[in-house]
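Shown next: coords_8.txt, given as compact mmCIF, C-alpha atoms.
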```
# COMPACT_ATOMS: atom_id res chain seq x y z
CA MET A 1 86.43 105.95 87.72
CA ASN A 2 85.30 103.83 90.67
CA TYR A 3 88.59 102.12 91.52
CA LEU A 4 87.12 100.17 94.45
CA LEU A 5 84.45 98.61 92.25
CA LEU A 6 87.02 97.86 89.54
CA SER A 7 89.34 96.22 92.07
CA SER A 8 86.53 94.02 93.45
CA ASN A 9 85.41 92.94 89.97
CA THR A 10 88.92 92.08 88.78
CA LEU A 11 89.58 90.06 91.95
CA LEU A 12 86.33 88.11 91.51
CA PHE A 13 87.09 87.43 87.85
CA SER A 14 90.61 86.26 88.71
CA PHE A 15 89.15 83.89 91.33
CA LEU A 16 86.86 82.35 88.69
CA LEU A 17 89.74 81.98 86.23
CA LEU A 18 91.84 80.15 88.83
CA LEU A 19 88.90 77.88 89.61
CA ILE A 20 88.61 77.00 85.91
CA ALA A 21 92.40 76.57 85.59
CA ILE A 22 92.34 73.59 87.97
CA ILE A 23 90.63 71.48 85.26
CA PRO A 24 93.32 71.82 82.53
CA PHE A 25 96.00 71.55 85.23
CA GLY A 26 94.49 68.22 86.26
CA PHE A 27 94.41 66.92 82.68
CA ALA A 28 97.94 68.15 82.03
CA THR A 29 99.31 66.57 85.21
CA LYS A 30 97.98 63.13 84.26
CA THR A 31 98.44 63.24 80.47
CA LYS A 32 101.10 65.90 79.78
CA HIS A 33 99.08 67.22 76.83
CA ALA A 34 100.66 70.46 75.59
CA ILE A 35 97.29 72.13 74.98
CA SER A 36 96.23 71.47 78.57
CA TRP A 37 99.48 72.92 79.92
CA ARG A 38 99.21 76.04 77.80
CA SER A 39 95.55 76.58 78.67
CA ALA A 40 96.23 76.18 82.39
CA LEU A 41 99.21 78.54 82.29
CA ALA A 42 97.35 81.13 80.22
CA LEU A 43 94.46 81.16 82.69
CA THR A 44 96.81 81.39 85.68
CA TRP A 45 98.85 84.22 84.20
CA LEU A 46 95.70 86.13 83.26
CA ALA A 47 94.33 85.66 86.79
CA PHE A 48 97.62 86.87 88.28
CA ILE A 49 97.62 89.99 86.06
CA LEU A 50 94.04 90.74 87.13
CA GLN A 51 95.06 90.34 90.77
CA ILE A 52 97.85 92.88 90.29
CA ILE A 53 95.26 95.22 88.76
CA TYR A 54 93.05 94.65 91.84
CA PHE A 55 95.94 95.52 94.16
CA THR A 56 96.88 98.64 92.19
CA CYS A 57 93.31 99.92 91.90
CA ARG A 58 92.54 99.38 95.58
CA TRP A 59 95.77 101.17 96.55
CA LYS A 60 94.76 104.05 94.27
CA ALA A 61 91.23 104.17 95.74
CA ILE A 62 92.09 104.07 99.46
CA GLY A 63 95.40 105.96 99.32
CA TYR A 64 97.57 103.45 101.18
CA ALA A 65 98.87 99.91 100.68
CA PRO A 66 95.86 97.54 100.86
CA VAL A 67 97.36 95.21 103.46
CA SER A 68 95.99 96.76 106.66
CA ASN A 69 93.27 94.25 107.63
CA MET A 70 92.53 90.53 107.34
CA TYR A 71 90.65 90.87 104.04
CA GLU A 72 93.48 92.79 102.40
CA PHE A 73 96.31 90.75 103.91
CA MET A 74 94.87 87.32 103.10
CA THR A 75 93.99 88.47 99.59
CA PHE A 76 97.51 89.73 99.02
CA PHE A 77 98.90 86.52 100.56
CA GLY A 78 96.91 84.49 98.00
CA ILE A 79 98.11 86.71 95.16
CA MET A 80 101.73 86.33 96.22
CA LEU A 81 101.29 82.56 96.43
CA ILE A 82 100.16 82.46 92.80
CA GLY A 83 103.15 84.62 91.85
CA ALA A 84 105.54 82.42 93.85
CA VAL A 85 104.18 79.26 92.24
CA LEU A 86 104.53 80.73 88.75
CA LEU A 87 108.11 81.74 89.55
CA MET A 88 109.20 78.39 91.05
CA SER A 89 107.38 76.42 88.36
CA TYR A 90 109.10 78.45 85.63
CA LEU A 91 112.53 77.97 87.19
CA TYR A 92 112.08 74.19 87.54
CA LYS A 93 109.69 73.58 84.61
CA GLN A 94 107.30 71.71 86.91
CA TRP A 95 103.93 73.21 86.06
CA SER A 96 102.11 70.36 87.78
CA ILE A 97 102.74 72.19 91.06
CA GLY A 98 99.96 74.51 89.97
CA PHE A 99 97.37 71.75 90.27
CA PHE A 100 98.08 71.52 94.01
CA ALA A 101 98.94 75.17 94.63
CA ILE A 102 95.92 76.84 93.03
CA PRO A 103 93.38 75.21 95.41
CA ILE A 104 95.49 76.41 98.37
CA ALA A 105 95.56 79.93 96.92
CA LEU A 106 91.79 79.80 96.36
CA ILE A 107 91.26 78.72 99.97
CA ILE A 108 93.37 81.68 101.15
CA LEU A 109 91.50 84.10 98.87
CA GLY A 110 88.17 82.63 99.94
CA TYR A 111 89.10 82.92 103.60
CA GLY A 112 90.00 86.59 103.09
CA SER A 113 86.64 87.24 101.41
CA VAL A 114 84.82 86.25 104.62
CA PHE A 115 86.05 89.46 106.27
CA SER A 116 84.78 92.94 105.52
CA ASN A 117 86.27 94.56 102.41
CA LYS A 118 85.26 98.07 103.44
CA ALA A 119 88.03 100.65 103.29
CA THR A 120 88.39 102.47 106.61
CA PRO A 121 90.85 105.16 107.77
CA LEU A 122 94.07 103.81 109.22
CA ILE A 123 94.57 103.95 112.97
CA PRO A 124 97.53 106.19 113.97
CA SER A 125 100.04 103.34 114.46
CA LEU A 126 99.44 102.14 110.88
CA GLN A 127 99.87 105.55 109.25
CA SER A 128 103.38 104.93 108.02
CA HIS A 129 105.15 103.87 104.83
CA TRP A 130 106.43 100.93 106.89
CA LEU A 131 102.96 99.41 106.54
CA ALA A 132 103.72 98.61 102.89
CA VAL A 133 107.37 97.66 103.49
CA HIS A 134 106.75 95.38 106.48
CA VAL A 135 103.48 93.65 105.55
CA ILE A 136 104.21 93.19 101.84
CA THR A 137 107.56 91.58 102.66
CA VAL A 138 105.94 89.29 105.24
CA ALA A 139 103.20 88.25 102.80
CA ALA A 140 105.70 87.60 99.99
CA SER A 141 107.98 85.53 102.23
CA SER A 142 105.02 83.58 103.64
CA ALA A 143 103.85 82.82 100.11
CA ILE A 144 107.28 81.50 99.09
CA LEU A 145 107.50 79.39 102.24
CA SER A 146 104.01 78.08 101.40
CA VAL A 147 105.41 76.66 98.17
CA ALA A 148 107.58 74.41 100.37
CA PHE A 149 104.40 73.24 102.11
CA ILE A 150 102.74 72.40 98.79
CA THR A 151 105.72 70.50 97.37
CA SER A 152 106.16 68.71 100.71
CA VAL A 153 102.56 67.49 100.61
CA MET A 154 103.17 66.30 97.04
CA TYR A 155 106.37 64.54 98.16
CA LEU A 156 104.60 62.73 100.99
CA LEU A 157 101.68 61.77 98.75
CA LYS A 158 104.13 59.95 96.51
CA THR A 159 106.23 58.31 99.23
CA THR A 160 103.46 57.37 101.67
CA ASN A 161 101.50 54.17 101.30
CA THR A 162 98.13 55.89 101.38
CA GLY A 163 96.24 52.62 101.10
CA ALA A 164 97.61 51.34 104.40
CA LYS A 165 96.61 52.66 107.81
CA THR A 166 100.12 53.81 108.68
CA ARG A 167 100.90 56.72 110.98
CA GLY A 168 102.21 58.80 108.07
CA ALA A 169 99.08 58.19 106.00
CA LYS A 170 96.83 59.19 108.92
CA TRP A 171 98.74 62.39 109.61
CA LEU A 172 98.77 63.35 105.93
CA GLU A 173 95.02 62.73 105.70
CA LEU A 174 94.58 64.94 108.78
CA VAL A 175 96.45 67.76 107.03
CA LEU A 176 94.14 67.50 104.02
CA PHE A 177 91.08 67.21 106.29
CA ASN A 178 91.92 70.53 107.94
CA LEU A 179 92.11 72.18 104.53
CA VAL A 180 88.59 70.89 103.89
CA VAL A 181 87.52 72.36 107.25
CA VAL A 182 88.69 75.80 106.08
CA VAL A 183 86.61 75.33 102.93
CA GLY A 184 83.68 74.46 105.19
CA PHE A 185 84.20 77.69 107.13
CA ILE A 186 84.25 79.71 103.90
CA LEU A 187 81.07 78.05 102.60
CA ILE A 188 79.00 78.42 105.77
CA SER A 189 80.21 81.99 106.41
CA THR A 190 79.44 83.08 102.85
CA PHE A 191 76.04 81.38 102.90
CA CYS A 192 75.01 82.99 106.21
CA ARG A 193 76.29 86.40 105.16
CA LEU A 194 74.20 86.25 101.96
CA PHE A 195 70.96 84.89 103.42
CA PHE A 196 70.91 85.70 107.14
CA SER A 197 71.39 88.78 109.29
CA SER A 198 74.04 89.00 111.98
CA GLN A 199 72.93 88.68 115.61
CA VAL A 200 74.31 90.80 118.43
CA ILE A 201 74.39 89.22 121.89
CA GLU A 202 75.00 91.32 125.01
CA PHE A 203 76.36 89.67 128.15
CA ALA A 204 78.37 90.46 131.27
CA ASN A 205 82.06 89.55 131.10
CA LYS A 206 84.07 88.24 134.07
CA LYS A 207 84.60 91.82 135.27
CA GLY A 208 80.85 92.46 135.27
CA GLN A 209 81.00 94.79 132.26
CA ILE A 210 78.30 94.56 129.60
CA ILE A 211 79.85 93.76 126.22
CA SER A 212 78.43 92.58 122.92
CA ALA A 213 79.39 89.83 120.48
CA THR A 214 78.32 89.77 116.83
CA TYR A 215 77.44 86.34 115.47
CA THR A 216 77.38 85.86 111.69
CA LEU A 217 76.72 82.11 112.02
CA PRO A 218 73.72 80.44 113.73
CA ILE A 219 74.31 80.40 117.48
CA ILE A 220 75.19 77.06 119.03
CA ILE A 221 77.28 78.36 121.91
CA SER A 222 77.03 81.76 123.58
CA ASN A 223 77.89 83.51 126.82
CA LYS A 224 74.23 84.03 127.63
CA ALA A 225 72.00 81.27 129.03
CA GLU A 226 68.93 82.38 127.06
CA VAL A 227 70.68 82.19 123.69
CA GLY A 228 71.98 79.14 121.86
CA LEU A 229 72.06 75.48 122.80
CA PHE A 230 74.87 75.81 125.32
CA ALA A 231 75.98 78.69 127.55
CA LEU A 232 79.61 79.13 128.57
CA SER A 233 81.22 81.30 131.20
CA ALA A 234 82.36 84.78 130.23
CA SER A 235 86.00 83.64 130.43
CA VAL A 236 85.54 81.73 127.13
CA ASP A 237 85.12 83.54 123.81
CA ALA A 238 81.95 81.74 122.76
CA GLN A 239 81.68 83.70 119.51
CA LYS A 240 84.95 82.34 118.15
CA LEU A 241 84.27 78.88 119.55
CA ASN A 242 80.91 78.95 117.76
CA THR A 243 82.72 79.69 114.49
CA ILE A 244 85.16 76.81 115.04
CA ILE A 245 82.32 74.38 115.75
CA TRP A 246 80.47 75.37 112.57
CA SER A 247 83.68 75.11 110.55
CA TYR A 248 84.28 71.55 111.70
CA LEU A 249 80.62 70.59 111.30
CA VAL A 250 80.39 71.80 107.70
CA GLY A 251 83.97 70.78 106.87
CA GLY A 252 83.40 67.34 108.37
CA LEU A 253 80.17 66.94 106.38
CA LEU A 254 81.96 68.02 103.18
CA TYR A 255 84.78 65.56 103.89
CA LEU A 256 82.25 62.78 104.53
CA ILE A 257 80.49 63.53 101.22
CA ILE A 258 83.82 63.29 99.38
CA ARG A 259 84.67 60.00 101.08
CA LEU A 260 81.25 58.46 100.36
CA THR A 261 81.18 59.72 96.77
CA MET A 262 84.72 58.75 95.80
CA ARG A 263 84.98 55.77 98.21
CA LYS A 264 88.58 56.79 98.85
CA ALA A 265 90.56 58.90 101.27
CA LEU A 266 91.74 62.29 100.02
CA CYS A 267 95.31 61.02 99.88
CA GLU A 268 94.30 58.21 97.54
CA ILE A 269 92.28 60.60 95.35
CA LEU A 270 95.26 62.92 94.89
CA LYS A 271 98.00 60.30 94.60
CA PRO A 272 97.54 59.61 90.83
CA PHE A 273 98.28 63.27 90.10
CA ILE A 274 101.87 63.00 91.35
CA SER A 275 102.85 59.75 89.63
CA ARG A 276 104.97 61.52 87.00
CA ILE A 277 106.81 63.88 89.38
CA ASP A 278 110.46 63.39 90.35
CA LEU A 279 110.90 63.13 94.14
CA ARG A 280 114.37 64.68 94.09
CA LEU A 281 113.04 67.70 92.23
CA LEU A 282 110.18 68.15 94.71
CA ASP A 283 112.65 68.02 97.58
CA GLU A 284 114.89 70.52 95.81
CA ILE A 285 112.03 72.96 95.14
CA SER A 286 110.95 72.75 98.78
CA HIS A 287 114.51 73.45 99.95
CA ARG A 288 115.00 76.36 97.54
CA SER A 289 111.68 77.89 98.55
CA ILE A 290 112.78 77.92 102.18
CA LEU A 291 116.21 79.31 101.22
CA ILE A 292 114.48 82.23 99.47
CA GLY A 293 111.57 82.69 101.87
CA PHE A 294 113.54 82.53 105.13
CA PRO A 295 115.77 85.60 104.50
CA LEU A 296 112.73 87.55 103.28
CA PHE A 297 110.82 86.59 106.42
CA SER A 298 113.83 87.63 108.51
CA LEU A 299 113.70 91.07 106.87
CA GLY A 300 109.93 91.60 106.91
CA GLY A 301 108.88 89.64 109.99
CA LEU A 302 111.67 90.73 112.32
CA PHE A 303 114.02 93.47 111.04
CA PHE A 304 111.45 95.77 109.36
CA ALA A 305 108.93 94.98 112.10
CA MET A 306 111.32 96.10 114.84
CA ILE A 307 112.09 99.36 113.02
CA TRP A 308 108.38 100.09 112.67
CA ALA A 309 107.76 99.14 116.32
CA GLN A 310 110.39 101.66 117.41
CA ILE A 311 108.73 104.38 115.31
CA ALA A 312 105.15 103.54 116.36
CA TRP A 313 105.55 102.44 119.99
CA GLY A 314 108.99 103.66 121.04
CA ARG A 315 110.56 100.21 121.48
CA TYR A 316 112.08 97.61 119.17
CA TRP A 317 110.70 94.58 121.01
CA GLY A 318 107.88 94.20 123.54
CA TRP A 319 106.99 90.49 123.65
CA ASP A 320 103.61 91.14 122.05
CA PRO A 321 101.98 87.79 121.05
CA LYS A 322 102.48 88.57 117.36
CA GLU A 323 106.15 89.33 117.93
CA VAL A 324 106.64 86.17 119.98
CA TRP A 325 105.09 83.91 117.36
CA ALA A 326 107.01 85.62 114.56
CA LEU A 327 110.18 84.81 116.49
CA ILE A 328 109.03 81.20 117.03
CA THR A 329 108.35 80.84 113.29
CA TRP A 330 111.77 82.32 112.46
CA LEU A 331 113.54 79.99 114.91
CA PHE A 332 111.68 76.98 113.51
CA TYR A 333 112.76 77.64 109.92
CA ALA A 334 116.28 78.42 111.11
CA ALA A 335 116.36 75.01 112.84
CA LEU A 336 114.97 73.35 109.70
CA LEU A 337 117.74 74.81 107.54
CA HIS A 338 120.34 73.92 110.18
CA LEU A 339 119.19 70.28 110.24
CA ARG A 340 119.16 70.17 106.45
CA LEU A 341 122.63 71.64 105.99
CA THR A 342 124.50 70.09 108.93
CA LYS A 343 122.64 66.85 109.67
CA GLU A 344 121.75 66.23 106.01
CA TRP A 345 118.06 65.88 106.79
CA GLU A 346 116.06 65.62 103.60
CA GLY A 347 113.14 63.80 102.08
CA GLU A 348 110.26 62.87 104.36
CA ARG A 349 111.72 64.41 107.53
CA THR A 350 112.15 67.88 106.07
CA ALA A 351 108.81 67.53 104.23
CA TRP A 352 107.00 67.09 107.55
CA LEU A 353 108.96 70.00 109.02
CA ALA A 354 107.91 72.23 106.10
CA ILE A 355 104.27 71.29 106.73
CA ILE A 356 104.63 72.18 110.42
CA GLY A 357 106.27 75.46 109.41
CA PHE A 358 103.28 76.32 107.23
CA GLY A 359 101.05 75.57 110.21
CA LEU A 360 103.05 78.10 112.25
CA ILE A 361 102.64 80.70 109.50
CA VAL A 362 98.87 80.19 109.41
CA PHE A 363 98.66 80.24 113.21
CA ASN A 364 100.68 83.47 113.36
CA GLN A 365 98.86 85.28 110.57
CA VAL A 366 95.32 84.18 111.47
CA PHE A 367 94.87 82.83 115.00
CA VAL A 368 97.19 85.30 116.76
CA ASN A 369 95.60 88.26 114.96
CA LEU A 370 92.01 87.25 115.65
CA VAL A 371 92.03 85.41 118.97
CA ILE A 372 94.99 86.45 121.12
CA ALA A 373 94.70 90.00 122.44
CA GLY A 374 97.67 92.20 121.62
CA LEU A 375 98.87 95.26 119.75
CA HIS A 376 98.21 93.51 116.42
CA SER A 377 94.60 92.61 117.20
CA TYR A 378 93.33 95.42 114.95
CA ALA A 379 94.23 93.31 111.93
```
Using structure tokens, write down the structure from this file.
Amino acid sequence: MNYLLLSSNTLLFSFLLLLIAIIPFGFATKTKHAISWRSALALTWLAFILQIIYFTCRWKAIGYAPVSNMYEFMTFFGIMLIGAVLLMSYLYKQWSIGFFAIPIALIILGYGSVFSNKATPLIPSLQSHWLAVHVITVAASSAILSVAFITSVMYLLKTTNTGAKTRGAKWLELVLFNLVVVVGFILISTFCRLFFSSQVIEFANKKGQIISATYTLPIIISNKAEVGLFALSASVDAQKLNTIIWSYLVGGLLYLIIRLTMRKALCEILKPFISRIDLRLLDEISHRSILIGFPLFSLGGLFFAMIWAQIAWGRYWGWDPKEVWALITWLFYAALLHLRLTKEWEGERTAWLAIIGFGLIVFNQVFVNLVIAGLHSYA
């Protein structure tokens, strides 16, 4: 049996099921029809089961936990987010969370699909059972903390006067705009990968060494004067900057199309879907998610990571960029819980903090891995 092919097919089918599930979730959120709820839940549970099958089959095919690169990690992150949403929704009987959570999970899964899904041998430092223990715990904790982000966005959508040009409304719209930008990145990257060939550009870096950069998107900016519309010095990573520019171009265009079609801001479009939700319950779910996710992140992101670092590199802590930002994320959530428990911060203040915390998670798991050079750059 071709386990790799089976894993890819089940993951694709689960993605389609989640995409379809958004429709009954939307109807159920606005009407509370029992059939819509049951259909949405059935589709989500089936998709989650298929995702577990994907994970199991890929593990069987490659011989180690499939969390060693960006494709595998982001895919598992998305799977854990679906599992976390199902768990929290079951505990609090608030299935409407799924309407907002599933698009986030789809964005995460779509982002992971942009990277290569080829199975390659592990580098020596990853050849350890701590790969599964550390990364799976980090992904699970990040997914649970992401539930706090989702419920916080829902909370702010209900409490913010989205029709007025207030500071809160503008910031909330900016959060949603950046999610659209990620969708733009996924769309343009997938389109170019399907219909265009990658381009390799060779140039001299600031040390005079000849290096190459592989562009999967049309070249706007490069480190070579003869290529692209603009040439930058070798001290700037033009390849990654090119990707960011295309993401904002396509994402901005997509956002503009939505605004012109609906004649409303994203906040105003989504606001009717949270009219029936209790604010206190949203705040409680956000708080409980952080209470569960924070200890798990402490274990996976710090404790297990330090044990593995000692085994792999002979030291518990080395101020690697990934380690530093994991510590910053941990300190931020610790401060959030401290303010909540001792200063009785709740409601909008903790909702904004949970959104910032999610931003730190994304920055740590994506930007630090891909852009900042360090021992974790292989991911």
Taking all listed atoms of stretch 304-308 of chain A, build the axis-aligned box, pad each of the six sides by 5 Å, then write its centre and edge lengths in Å to one decimal as JSON.
```
{"center_x": 110.2, "center_y": 97.5, "center_z": 112.1, "size_x": 13.7, "size_y": 15.1, "size_z": 15.5}
```
Cut-off 10 Å: closest stretch 109-174 of chain A/stretch 188-204 of chain A atom pairs per residue, using all atoms listed in the file, as a Markdown table:
```
| residue | atom | partner | partner_atom | distance |
| --- | --- | --- | --- | --- |
| A:Gly110 | CA | A:Thr190 | CA | 9.2 |
| A:Tyr111 | CA | A:Ser189 | CA | 9.4 |
| A:Ser113 | CA | A:Thr190 | CA | 8.4 |
| A:Val114 | CA | A:Thr190 | CA | 6.5 |
| A:Phe115 | CA | A:Ser189 | CA | 9.5 |
```
For atom CA of A:Trp246 and atom CA of A:Leu360, determine how far apart the two atoms are, in Å to one decimal place.
->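 Taking atom CA of A:Trp246 and atom CA of A:Leu360, their separation equals 22.7 Å.
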In Å to one decimal, how far is atom CA of A:Asn364 from atom CA of A:Val138?
-> 11.3 Å
How far is it from atom CA of A:Cys267 to atom CA of A:Leu157, in Å with one decimal?
-> 6.5 Å
Quick one: residues within 9 Å of A:Leu172, only C-alpha atoms counted, chain neighbours fewer than 4 positions away excluded, as a PyMOL selection string?
-> chain A and resi 153+156-157+160+162+167-168+176-177+267
Can I get the residues of stretch 89-201 of chain A within 10 Å of stretch 50-70 of chain A, each with the closest pair of atoms and their distance in Å to one decimal, using only C-alpha atoms, sorted chain first then ascending number, as JSON lines?
```
{"residue": "A:Tyr111", "atom": "CA", "partner": "A:Met70", "partner_atom": "CA", "distance": 9.1}
{"residue": "A:Gly112", "atom": "CA", "partner": "A:Met70", "partner_atom": "CA", "distance": 6.3}
{"residue": "A:Ser113", "atom": "CA", "partner": "A:Met70", "partner_atom": "CA", "distance": 9.0}
{"residue": "A:Val114", "atom": "CA", "partner": "A:Met70", "partner_atom": "CA", "distance": 9.2}
{"residue": "A:Phe115", "atom": "CA", "partner": "A:Met70", "partner_atom": "CA", "distance": 6.7}
{"residue": "A:Ser116", "atom": "CA", "partner": "A:Met70", "partner_atom": "CA", "distance": 8.3}
{"residue": "A:Asn117", "atom": "CA", "partner": "A:Asn69", "partner_atom": "CA", "distance": 8.7}
{"residue": "A:Lys118", "atom": "CA", "partner": "A:Asn69", "partner_atom": "CA", "distance": 9.8}
{"residue": "A:Ala119", "atom": "CA", "partner": "A:Ile62", "partner_atom": "CA", "distance": 6.5}
{"residue": "A:Thr120", "atom": "CA", "partner": "A:Ile62", "partner_atom": "CA", "distance": 8.2}
{"residue": "A:Pro121", "atom": "CA", "partner": "A:Ile62", "partner_atom": "CA", "distance": 8.5}
{"residue": "A:Leu122", "atom": "CA", "partner": "A:Ser68", "partner_atom": "CA", "distance": 7.7}
{"residue": "A:Ile123", "atom": "CA", "partner": "A:Ser68", "partner_atom": "CA", "distance": 9.7}
{"residue": "A:Leu126", "atom": "CA", "partner": "A:Ser68", "partner_atom": "CA", "distance": 7.7}
{"residue": "A:Gln127", "atom": "CA", "partner": "A:Tyr64", "partner_atom": "CA", "distance": 8.7}
{"residue": "A:Ser128", "atom": "CA", "partner": "A:Tyr64", "partner_atom": "CA", "distance": 9.1}
{"residue": "A:His129", "atom": "CA", "partner": "A:Tyr64", "partner_atom": "CA", "distance": 8.4}
{"residue": "A:Trp130", "atom": "CA", "partner": "A:Ala65", "partner_atom": "CA", "distance": 9.8}
{"residue": "A:Leu131", "atom": "CA", "partner": "A:Ala65", "partner_atom": "CA", "distance": 7.2}
{"residue": "A:Ala132", "atom": "CA", "partner": "A:Ala65", "partner_atom": "CA", "distance": 5.5}
{"residue": "A:Val133", "atom": "CA", "partner": "A:Ala65", "partner_atom": "CA", "distance": 9.2}
{"residue": "A:His134", "atom": "CA", "partner": "A:Val67", "partner_atom": "CA", "distance": 9.9}
{"residue": "A:Val135", "atom": "CA", "partner": "A:Val67", "partner_atom": "CA", "distance": 6.7}
{"residue": "A:Ile136", "atom": "CA", "partner": "A:Val67", "partner_atom": "CA", "distance": 7.3}
{"residue": "A:Ala139", "atom": "CA", "partner": "A:Val67", "partner_atom": "CA", "distance": 9.1}
```
